[in-house]
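The block underneath contains the structure these notes are about, expressed in structure tokens.
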Amino acid sequence: MVQKLLYTIKEAAEILLGEDNLANRRVVRKLGTQGDIEVKQVGRKFFVPANEIQKFKQLQVSSQAS
């Protein structure tokens, strides 16, 4: 199976926050605008690179371990 390189805001919200809803999509967008995760814009759509999702997950795991 081929892993995606870019995820939509909707997909990223589901992966990072457990479910897709308007509030979670806004959280992902806010993380992007604050610079916590990299967000790419293509036309009017926004995408989150797969490596950014992995980095964010690792940050969460390491902060929970502390």
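Just remember, in the structure tokens the first chain shown is A, the second B, etc., residues are 1-based per chain, and ligands are 1-based in the order shown.
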Inset, instruction - Mind checking which residues fall within 12 Å of Asn24 of chain A, counting only C-alpha atoms, ignoring those fewer than 2 positions away in the same chain, and posting them as a PyMOL selection string? - result: chain A and resi 9-22+26-31
Store the residues picked out above, limited to N, CA and C atoms, as a compact mmCIF listing (two decimals), in the first residue's frame.
# COMPACT_ATOMS: atom_id res chain seq x y z
N ILE A 9 -6.74 18.79 5.38
CA ILE A 9 -6.99 19.25 6.76
C ILE A 9 -7.96 18.30 7.45
N LYS A 10 -8.95 17.84 6.72
CA LYS A 10 -9.94 16.91 7.27
C LYS A 10 -9.27 15.61 7.71
N GLU A 11 -8.41 15.05 6.85
CA GLU A 11 -7.72 13.80 7.19
C GLU A 11 -6.76 14.01 8.35
N ALA A 12 -6.05 15.14 8.35
CA ALA A 12 -5.10 15.42 9.43
C ALA A 12 -5.84 15.56 10.77
N ALA A 13 -7.00 16.20 10.75
CA ALA A 13 -7.78 16.34 11.98
C ALA A 13 -8.17 14.97 12.53
N GLU A 14 -8.56 14.08 11.64
CA GLU A 14 -8.96 12.74 12.07
C GLU A 14 -7.77 11.97 12.64
N ILE A 15 -6.62 12.09 11.99
CA ILE A 15 -5.42 11.37 12.44
C ILE A 15 -4.92 11.94 13.77
N LEU A 16 -4.81 13.26 13.85
CA LEU A 16 -4.21 13.89 15.02
C LEU A 16 -5.14 13.99 16.22
N LEU A 17 -6.43 14.20 15.96
CA LEU A 17 -7.36 14.49 17.05
C LEU A 17 -8.44 13.43 17.25
N GLY A 18 -8.41 12.38 16.42
CA GLY A 18 -9.32 11.27 16.65
C GLY A 18 -10.62 11.31 15.90
N GLU A 19 -11.09 12.48 15.54
CA GLU A 19 -12.32 12.56 14.75
C GLU A 19 -12.32 13.84 13.94
N ASP A 20 -13.09 13.80 12.87
CA ASP A 20 -13.18 14.97 12.00
C ASP A 20 -14.46 15.73 12.31
N ASN A 21 -14.30 16.95 12.74
CA ASN A 21 -15.42 17.86 12.87
C ASN A 21 -14.89 19.27 12.65
N LEU A 22 -15.75 20.23 12.57
CA LEU A 22 -15.35 21.59 12.25
C LEU A 22 -14.35 22.14 13.26
N ARG A 26 -10.44 23.32 12.52
CA ARG A 26 -9.95 24.65 12.89
C ARG A 26 -8.69 24.56 13.74
N VAL A 27 -8.63 23.57 14.62
CA VAL A 27 -7.43 23.36 15.44
C VAL A 27 -6.23 23.07 14.55
N VAL A 28 -6.41 22.20 13.57
CA VAL A 28 -5.31 21.86 12.66
C VAL A 28 -4.87 23.10 11.87
N ARG A 29 -5.82 23.87 11.39
CA ARG A 29 -5.49 25.11 10.67
C ARG A 29 -4.73 26.06 11.59
N LYS A 30 -5.17 26.18 12.83
CA LYS A 30 -4.53 27.08 13.80
C LYS A 30 -3.10 26.62 14.09
N LEU A 31 -2.90 25.31 14.23
CA LEU A 31 -1.55 24.78 14.42
C LEU A 31 -0.66 25.17 13.25
Legend entry - Members of chain A assigned alpha helix (DSSP H) by DSSP, as a PyMOL selection string: chain A and resi 9-17+22-34+50-65
